[in-house]
Every structure is written in structure tokens, then in C-alpha cells.
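Novice: Sending over run32.cif (mmCIF, C-alpha atoms).
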```
data_model
#
loop_
_atom_site.label_atom_id
_atom_site.label_comp_id
_atom_site.auth_asym_id
_atom_site.auth_seq_id
_atom_site.Cartn_x
_atom_site.Cartn_y
_atom_site.Cartn_z
CA MET A 168 -4.92 -22.49 -14.86
CA ASN A 169 -3.47 -21.59 -18.27
CA SER A 170 -5.79 -18.59 -18.47
CA PHE A 171 -4.67 -17.43 -15.03
CA LYS A 172 -1.01 -17.78 -16.00
CA GLY A 173 -1.68 -15.88 -19.20
CA LEU A 174 -3.34 -13.00 -17.37
CA MET A 175 -0.55 -12.86 -14.80
CA LYS A 176 2.04 -12.79 -17.58
CA LYS A 177 0.14 -9.98 -19.31
CA GLU A 178 -0.02 -7.93 -16.10
CA TRP A 179 3.68 -8.55 -15.49
CA LEU A 180 4.63 -7.39 -19.00
CA ILE A 181 2.50 -4.28 -18.61
CA GLY A 182 3.85 -3.33 -15.20
CA LYS A 183 7.47 -4.49 -15.17
CA ASN A 184 8.79 -1.20 -16.54
CA ALA A 185 6.90 0.72 -13.87
CA LEU A 186 8.41 -1.56 -11.21
CA LEU A 187 11.90 -1.02 -12.60
CA TRP A 188 11.51 2.76 -12.57
CA LEU A 189 10.10 2.56 -9.05
CA LEU A 190 13.21 0.74 -7.81
CA VAL A 191 15.48 3.18 -9.65
CA ALA A 192 13.61 6.13 -8.09
CA GLN A 193 14.06 4.68 -4.60
CA ALA A 194 17.78 4.13 -5.09
CA GLY A 195 18.08 7.61 -6.61
CA LEU A 196 16.32 9.23 -3.65
CA VAL A 197 18.65 7.52 -1.18
CA PHE A 198 21.74 8.44 -3.21
CA ILE A 199 20.70 12.09 -3.57
CA SER A 200 19.86 12.36 0.14
CA PHE A 201 23.26 10.82 0.91
CA LEU A 202 25.06 13.49 -1.11
CA VAL A 203 22.95 16.34 0.29
CA SER A 204 23.32 15.13 3.89
CA ARG A 205 27.06 14.83 3.43
CA TYR A 206 27.34 18.30 1.88
CA TRP A 207 25.10 20.04 4.46
CA GLU A 208 26.27 17.83 7.33
CA VAL A 209 22.70 17.00 8.33
CA ALA A 210 22.56 13.28 9.10
CA GLY A 211 18.84 13.29 9.90
CA LEU A 212 17.95 14.16 6.31
CA PHE A 213 19.62 11.00 5.03
CA TYR A 214 18.01 8.68 7.56
CA MET A 215 14.57 10.20 7.16
CA CYS A 216 14.70 9.89 3.37
CA THR A 217 15.65 6.21 3.62
CA TRP A 218 12.65 5.59 5.87
CA LEU A 219 10.40 7.70 3.66
CA ILE A 220 10.62 5.17 0.83
CA ILE A 221 9.11 2.53 3.13
CA MET A 222 6.41 4.75 4.61
CA MET A 223 5.19 5.83 1.16
CA HIS A 224 4.41 2.25 0.04
CA PRO A 225 0.63 2.47 0.61
CA LEU A 226 0.65 5.31 -1.92
CA ILE A 227 2.73 3.15 -4.25
CA MET A 228 0.14 0.36 -3.98
CA ILE A 229 -2.58 2.85 -4.92
CA LEU A 230 -0.66 3.88 -8.04
CA LEU A 231 0.03 0.26 -8.97
CA ILE A 232 -3.59 -0.89 -8.71
CA LEU A 233 -4.86 2.21 -10.53
CA GLY A 234 -2.36 1.61 -13.30
CA CYS A 235 -3.49 -2.01 -13.66
CA LEU A 236 -7.15 -1.01 -13.71
CA SER A 237 -6.77 1.85 -16.17
CA SER A 238 -4.69 -0.23 -18.59
CA ASP A 239 -7.69 -2.48 -19.34
CA GLY A 240 -10.24 0.25 -18.80
CA LYS A 241 -8.95 2.18 -21.78
CA THR A 242 -9.38 -0.81 -24.07
CA GLN A 243 -12.71 -1.95 -22.52
CA LEU A 244 -11.26 -5.41 -21.97
CA TRP A 245 -13.77 -5.87 -19.13
CA ILE A 246 -16.57 -6.11 -21.66
CA TYR A 247 -15.04 -8.53 -24.14
CA ASN A 248 -12.79 -10.73 -21.99
CA PRO A 249 -14.39 -14.18 -21.50
CA GLN A 250 -12.68 -14.72 -18.14
CA SER A 251 -14.56 -14.25 -14.88
CA ALA A 252 -14.36 -10.96 -13.03
CA GLY A 253 -12.78 -12.75 -10.08
CA MET A 254 -9.88 -13.85 -12.26
CA LEU A 255 -9.49 -10.46 -13.92
CA LEU A 256 -9.52 -8.48 -10.68
CA GLY A 257 -7.64 -11.17 -8.77
CA CYS A 258 -4.74 -11.10 -11.22
CA LYS A 259 -4.49 -7.33 -10.99
CA LEU A 260 -4.58 -7.42 -7.21
CA LEU A 261 -2.07 -10.25 -7.03
CA ILE A 262 0.43 -8.72 -9.44
CA SER A 263 0.18 -5.42 -7.57
CA MET A 264 0.96 -7.28 -4.35
CA VAL A 265 3.97 -8.95 -6.00
CA PHE A 266 5.26 -5.60 -7.23
CA GLN A 267 4.64 -4.14 -3.77
CA MET A 268 6.57 -6.94 -2.06
CA VAL A 269 9.52 -6.57 -4.43
CA SER A 270 9.53 -2.82 -3.89
CA ILE A 271 9.25 -2.93 -0.11
CA ILE A 272 11.94 -5.60 0.22
CA PHE A 273 14.22 -3.52 -1.98
CA SER A 274 13.56 -0.41 0.10
CA SER A 275 14.21 -2.37 3.31
CA CYS A 276 17.57 -3.45 1.91
CA LEU A 277 18.37 0.21 1.24
CA VAL A 278 17.37 1.12 4.81
CA PHE A 279 19.48 -1.70 6.22
CA VAL A 280 22.53 -0.66 4.18
CA ALA A 281 21.98 2.97 5.18
CA SER A 282 21.87 2.00 8.85
CA THR A 283 25.38 0.54 8.57
CA ILE A 284 26.85 3.92 7.60
CA PRO A 285 28.36 5.58 10.69
CA VAL A 286 26.42 8.66 11.81
CA SER A 287 29.70 10.49 12.34
CA TYR A 288 30.26 10.38 8.58
CA PHE A 289 27.54 13.03 8.25
CA GLN A 290 27.36 14.81 11.57
CA ALA A 291 29.42 14.29 14.70
CA ASP A 292 26.81 15.28 17.30
CA PHE A 293 23.84 13.43 15.79
CA GLN A 294 22.31 10.60 17.79
CA VAL A 295 20.56 7.43 16.60
CA GLU A 296 19.02 5.28 19.32
CA ASN A 297 17.61 1.76 19.19
CA SER A 298 18.02 1.21 15.46
CA LEU A 299 15.74 -1.44 14.04
CA GLY A 300 17.37 -4.73 13.17
CA ILE A 301 16.42 -7.14 10.42
CA MET A 302 13.46 -8.52 12.38
CA GLY A 303 12.22 -5.02 13.08
CA LEU A 304 12.41 -4.16 9.39
CA LEU A 305 10.50 -7.33 8.49
CA LYS A 306 7.75 -6.40 10.95
CA VAL A 307 7.50 -2.92 9.47
CA ASP A 308 7.40 -4.44 5.97
CA ALA A 309 4.59 -6.81 6.96
CA PHE A 310 2.58 -3.98 8.48
CA MET A 311 3.00 -1.72 5.44
CA LEU A 312 2.06 -4.60 3.13
CA MET A 313 -1.15 -5.29 5.08
CA VAL A 314 -2.10 -1.61 5.04
CA SER A 315 -1.41 -1.47 1.30
CA ILE A 316 -3.59 -4.54 0.59
CA VAL A 317 -6.49 -3.05 2.56
CA ILE A 318 -6.25 0.21 0.62
CA ALA A 319 -5.91 -1.63 -2.71
CA VAL A 320 -9.03 -3.78 -2.20
CA PHE A 321 -11.04 -0.78 -1.01
CA LEU A 322 -9.88 1.29 -3.97
CA LEU A 323 -10.63 -1.56 -6.38
CA PHE A 324 -14.20 -1.78 -5.05
CA LEU A 325 -14.76 1.98 -5.37
CA TRP A 326 -13.32 1.96 -8.91
CA VAL A 327 -15.77 -0.75 -10.03
CA VAL A 328 -18.68 1.05 -8.34
CA TYR A 329 -17.72 4.29 -10.10
CA HIS A 330 -17.85 2.67 -13.53
CA ALA A 331 -20.96 0.67 -12.68
CA LEU A 332 -22.80 3.93 -11.98
CA ALA A 333 -22.11 4.99 -15.57
CA GLN A 334 -25.10 2.84 -16.57
CA VAL A 335 -27.37 5.16 -14.58
CA HIS A 336 -27.48 8.04 -17.07
CA SER A 337 -29.23 10.46 -14.71
CA ILE A 338 -26.24 10.52 -12.35
CA LYS A 339 -23.46 9.66 -14.78
CA HIS A 340 -21.77 13.05 -14.37
CA LEU A 341 -22.22 13.08 -10.60
CA ARG A 342 -21.05 9.55 -9.85
CA TRP A 343 -17.84 10.82 -8.28
CA LEU A 344 -20.03 12.42 -5.62
CA PHE A 345 -21.84 9.14 -4.91
CA VAL A 346 -18.55 7.23 -4.75
CA SER A 347 -17.10 9.83 -2.37
CA ALA A 348 -20.16 9.54 -0.14
CA LEU A 349 -19.91 5.73 -0.26
CA CYS A 350 -16.24 5.88 0.71
CA ILE A 351 -16.90 8.17 3.66
CA GLY A 352 -19.93 6.09 4.68
CA ILE A 353 -17.99 2.82 4.75
CA ILE A 354 -15.20 4.40 6.80
CA MET A 355 -17.67 5.91 9.27
CA LEU A 356 -19.57 2.62 9.53
CA ARG A 357 -16.40 0.70 10.35
CA ASP A 358 -15.35 3.31 12.91
CA SER A 359 -18.73 3.12 14.63
CA ILE A 360 -18.52 -0.69 14.77
CA VAL A 361 -14.95 -0.63 16.09
CA ASN A 362 -15.93 1.76 18.89
CA THR A 363 -18.76 -0.43 20.19
CA ALA A 364 -18.29 -2.22 23.51
CA PHE A 365 -18.96 -5.60 21.87
CA TYR A 366 -16.19 -5.11 19.32
CA GLN A 367 -13.82 -3.93 22.05
CA LYS A 368 -14.45 -7.19 23.90
CA LEU A 369 -13.73 -9.18 20.75
CA ASP A 370 -10.54 -7.19 20.29
CA GLU A 371 -9.21 -8.68 23.53
CA ILE A 372 -9.50 -12.30 22.34
CA TRP A 373 -6.66 -14.33 20.77
CA LEU A 374 -4.03 -11.63 21.13
CA ILE A 375 -0.57 -11.82 19.61
CA PRO A 376 2.27 -9.28 20.11
CA ALA A 377 2.75 -6.72 17.36
CA MET A 378 6.21 -5.27 16.77
CA SER A 379 7.06 -5.37 20.47
CA GLY A 380 10.52 -4.05 21.27
CA SER A 381 11.14 -2.37 17.91
CA SER A 382 11.87 1.33 17.98
CA MET A 383 14.08 4.01 16.52
CA ASN A 384 14.61 7.56 17.69
CA MET A 385 16.56 10.21 15.80
CA SER A 386 16.65 13.89 16.57
CA GLU A 387 18.63 17.00 15.75
CA PHE A 388 17.11 20.40 16.41
CA LYS A 389 13.58 20.10 14.90
CA LEU A 390 14.34 17.14 12.65
CA GLU A 391 12.91 14.01 14.25
CA LEU A 392 11.86 10.50 13.32
CA TYR A 393 10.45 8.20 15.95
CA LEU A 394 9.16 4.69 15.33
CA GLU A 395 7.98 2.46 18.11
CA GLY A 396 6.13 -0.82 18.02
CA GLY A 397 4.07 -2.30 20.77
CA GLY A 398 0.68 -3.56 21.79
CA ASN A 399 -1.19 -6.60 20.62
CA ILE A 400 -3.31 -7.63 17.65
CA SER A 401 -6.44 -9.73 18.00
CA LEU A 402 -6.61 -12.62 15.57
CA LEU A 403 -10.40 -12.61 15.93
CA THR A 404 -11.01 -8.99 14.92
CA SER A 405 -8.27 -9.24 12.29
CA GLY A 406 -10.16 -12.19 10.85
CA LEU A 407 -13.33 -10.08 10.75
CA ASP A 408 -11.44 -7.40 8.85
CA VAL A 409 -10.27 -10.02 6.35
CA ILE A 410 -13.88 -11.18 5.88
CA GLY A 411 -14.89 -7.58 5.22
CA LEU A 412 -12.19 -7.24 2.56
CA VAL A 413 -13.28 -10.50 0.94
CA LEU A 414 -16.88 -9.25 0.82
CA LEU A 415 -15.75 -6.01 -0.83
CA PHE A 416 -13.76 -7.98 -3.39
CA LEU A 417 -16.70 -10.30 -4.13
CA ALA A 418 -19.01 -7.29 -4.49
CA ALA A 419 -16.60 -5.77 -7.01
CA CYS A 420 -16.48 -9.05 -8.92
CA TRP A 421 -20.28 -9.25 -8.97
CA LEU A 422 -20.57 -5.75 -10.38
CA LEU A 423 -17.89 -6.39 -12.96
CA ASP A 424 -19.54 -9.63 -14.09
CA ARG A 425 -22.45 -7.48 -15.22
CA LYS A 426 -20.11 -6.30 -18.01
CA ILE A 427 -19.93 -2.69 -16.99
CA GLU A 428 -18.60 -0.15 -19.43
CA VAL A 429 -15.43 1.70 -18.47
#
```
How does this structure look as C-alpha cells?

Specialist:
Amino acid sequence: MNSFKGLMKKEWLIGKNALLWLLVAQAGLVFISFLVSRYWEVAGLFYMCTWLIIMMHPLIMILLILGCLSSDGKTQLWIYNPQSAGMLLGCKLLISMVFQMVSIIFSSCLVFVASTIPVSYFQADFQVENSLGIMGLLKVDAFMLMVSIVIAVFLLFLWVVYHALAQVHSIKHLRWLFVSALCIGIIMLRDSIVNTAFYQKLDEIWLIPAMSGSSMNMSEFKLELYLEGGGNISLLTSGLDVIGLVLLFLAACWLLDRKIEV
């Protein structure tokens, strides 16, 4: 437990400045869009920029996990650290999730504050319909967090595979091609499984509503933003997806335990 706390503290110290600058950049983007929208009298620009900071969070998660991985990769800590690969990778994944949650909650607060500003302050004839409330924002946050975790685990697995292939000297300079093919292959395999009749039947079991009744519609000339939730999510197939992510994580840990060079 002390080792885990130590690793988490190390990851926090390494990434806290990046998190701070990320929050400052979000607030800066909203403030700049506020001034520009007020000056040009284009309300849609302001509202779209506030939503943009939420929609870009999967990309933020990618940058966070890559930053955590490269920080130890440069020092070859993977080779000399006595801790298990599960603890090393788990700490990086967990701290990235913590940073992601802080960032997405902060961006949601910005969106909520922005939604309280009267549209007429920017543009008299602009229309905003069915604005999302707090519950709607929380549902969007949860969805973006889940998408970000999926991407992070998948990226983590591909990163470990890439460096594991460095031990095969005959393909060392072409490993990016093998990793790209592996990435495409895994995506195509999942798509083929999802489209089978058997999986479709499983997808109809243990359904729960997903973001029902949450929508927002904004339009002015060609500037539009439309968000609408609906449909159901199967707990059964979602559980299968979780198992797949766990298997990818365990595979990455197994490869890393072989003390790959990075």
C-alpha cells in the first residue's frame, strides 16, 4: 500500500502542472470566446466553444496517458523499478482518470455558468432550445469519461506492444506498422463481433436508459450545435466490453513484466 501511495504521489507531482495549465486553457478559451462573441454579436460561437472543451476530453485523456508513459519511458524506469507492471500501469491509468475527472467537472462548471448568461447579451435573434440541466451535464460527463477510459486503456496496450517489439531487431524500425495493423485489426474484430446476430440479441438484455430526455439545439445561419440523448444501454454487453478492457490491461502488464526496453 505504501508503494502504491508513493507511485500515485509521484504521478501527481509530475502531472499537476499539466493539469493546472489545462484548467487555465479551458477558462481562457471560454473567456476569449465570450469577448469575441460579444464583439461580433455571434452568440453561437460562445456556446459552441464552451461545449467544445467537454467534447475534446477524449483527446485530453490521450495526452495525459501519453505524458505519464513517456515520463518513465525516457528514464527506463520500467526496467529498474521493482514494482509490478500492474501497479506501474495502474497508477498511471488511475492518475490520468483523476486528472480527467477534475478537468471534465471544471469544464462542466464553465458550461453551466455560460448557460446562465442571457442569449440576448450576445445576439437578440439567437435561439437556444432545451438547454441541458445539471443532470444532463452529469450524464454527458459520465459518457465522455467512459469513452476516455476506453481510449486510454487501448492506447496503453498499443504503447506497451510498440516497445515490446523493439526486442525483435528484424522489425524494430517497422514496429509502428505492426502496431497500426494491430490497432486496425482489433477495431475490425470488435465491429464484426458487434454486428453478429448473437451479439445483437445480447444487446437487448438488461437494458437501462441512457441520457433520455437530454438535448440542446442551437442554430444561427450555418452555425449549429445539436446534442440529444436517448436509447438504452445493455448492462450485459457493457460488461463484456469491460472484460475486454481488463484483458487488454492484463496483456499490457504481462508484456511489461518481461522488462521491455523503452

Novice: Using only C-alpha atoms, which protein or nucleic acid residues come within 9 Å of segment 253-258 of chain A? Drop anything in the same chain fewer than 6 positions from it, and give the result as a list in words.

Specialist: Ser170, Phe171, Leu174, Met175, Glu178, Leu236, Trp245, Leu323, Phe416, Leu417, Ala419, Cys420, Trp421, Leu423 and Asp424 of chain A

Novice: Have a look at A:Ser337, A:Gln267, A:Ser237, A:Gln367 and name the one nearest to Val314 of chain A; count only C-alpha atoms.

Specialist: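 Ranking A:Ser337, A:Gln267, A:Ser237, A:Gln367 by distance to Val314 of chain A, first place goes to A:Gln267.
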
Novice: Using atom CA of Ile354 of chain A and atom CA of Leu304 of chain A as the two end points, give the distance in Å to one decimal.

Specialist: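 According to the coordinates, atom CA of Ile354 of chain A and atom CA of Leu304 of chain A are separated by 29.0 Å.
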
Novice: From the list A:Val346, A:Ala281, A:Leu356, A:Ile400, which residue is nearest Phe310 of chain A when using only C-alpha atoms?

Specialist: A:Ile400

Novice: Got a sec: who's within 8 Å of segment 229-231 of chain A, counting all atoms listed in the file, leaving out chain neighbours fewer than 4 positions off, as a count of residues only?

Specialist: 7

Novice: For this structure, which residues satisfy the selection - the PyMOL selection byres ((chain A and resi 222) around 12) - when it is evaluated on the file as given? I want them as a count of residues only.

Specialist: 30

Novice: Restricting the calculation to all atoms listed in the file, which member of A:Lys259, A:His330, A:Lys368, A:Arg342 is positioned closest to Ile316 of chain A?

Specialist: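 Smallest distance to Ile316 of chain A is found for A:Lys259.
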
Novice: Please compute the atom CA of Ile232 of chain A-atom CA of Phe213 of chain A distance, one decimal, in Å.

Specialist: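 Atom-to-atom, atom CA of Ile232 of chain A to atom CA of Phe213 of chain A, that is 29.5 Å.
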
Novice: Between A:Val286, A:Leu260, A:Val320, A:Ala364, which is the closest to Gly211 of chain A once you count only C-alpha atoms?

Specialist: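 When distances to Gly211 of chain A are compared using only C-alpha atoms, the smallest one comes from A:Val286.
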
Novice: My list of candidates is A:Phe324, A:Phe279, A:Tyr206, A:Phe198. Which is closest to Met302 of chain A when distances are computed with only C-alpha atoms?

Specialist: A:Phe279

Novice: Work out how far atom CA of Gly303 of chain A is from atom CA of Ser287 of chain A, in Å to one decimal.

Specialist: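 Between these atoms lies a distance of 23.4 Å.
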
Novice: For Tyr329 of chain A, find every residue with an atom within 8 Å (counting only C-alpha atoms), except residues of its own chain fewer than 3 positions away, and show them as a PyMOL selection string.

Specialist: chain A and resi 325-326+332-333+342-343+346

Novice: Written as a short mmCIF file (atom, residue, chain, number, x, y, z; two decimals) with C-alpha atoms, in the coordinates of the input, which residues does the PyMOL selection byres ((chain A and resi 373) around 12) give for the file shown?

Specialist:
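Result went into part.cif, see below:
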```
data_model
loop_
_atom_site.label_atom_id
_atom_site.label_comp_id
_atom_site.auth_asym_id
_atom_site.auth_seq_id
_atom_site.Cartn_x
_atom_site.Cartn_y
_atom_site.Cartn_z
CA LYS A 368 -14.45 -7.19 23.90
CA LEU A 369 -13.73 -9.18 20.75
CA ASP A 370 -10.54 -7.19 20.29
CA GLU A 371 -9.21 -8.68 23.53
CA ILE A 372 -9.50 -12.30 22.34
CA LEU A 374 -4.03 -11.63 21.13
CA ILE A 375 -0.57 -11.82 19.61
CA PRO A 376 2.27 -9.28 20.11
CA ASN A 399 -1.19 -6.60 20.62
CA ILE A 400 -3.31 -7.63 17.65
CA SER A 401 -6.44 -9.73 18.00
CA LEU A 402 -6.61 -12.62 15.57
CA LEU A 403 -10.40 -12.61 15.93
CA THR A 404 -11.01 -8.99 14.92
CA SER A 405 -8.27 -9.24 12.29
CA GLY A 406 -10.16 -12.19 10.85
#
```
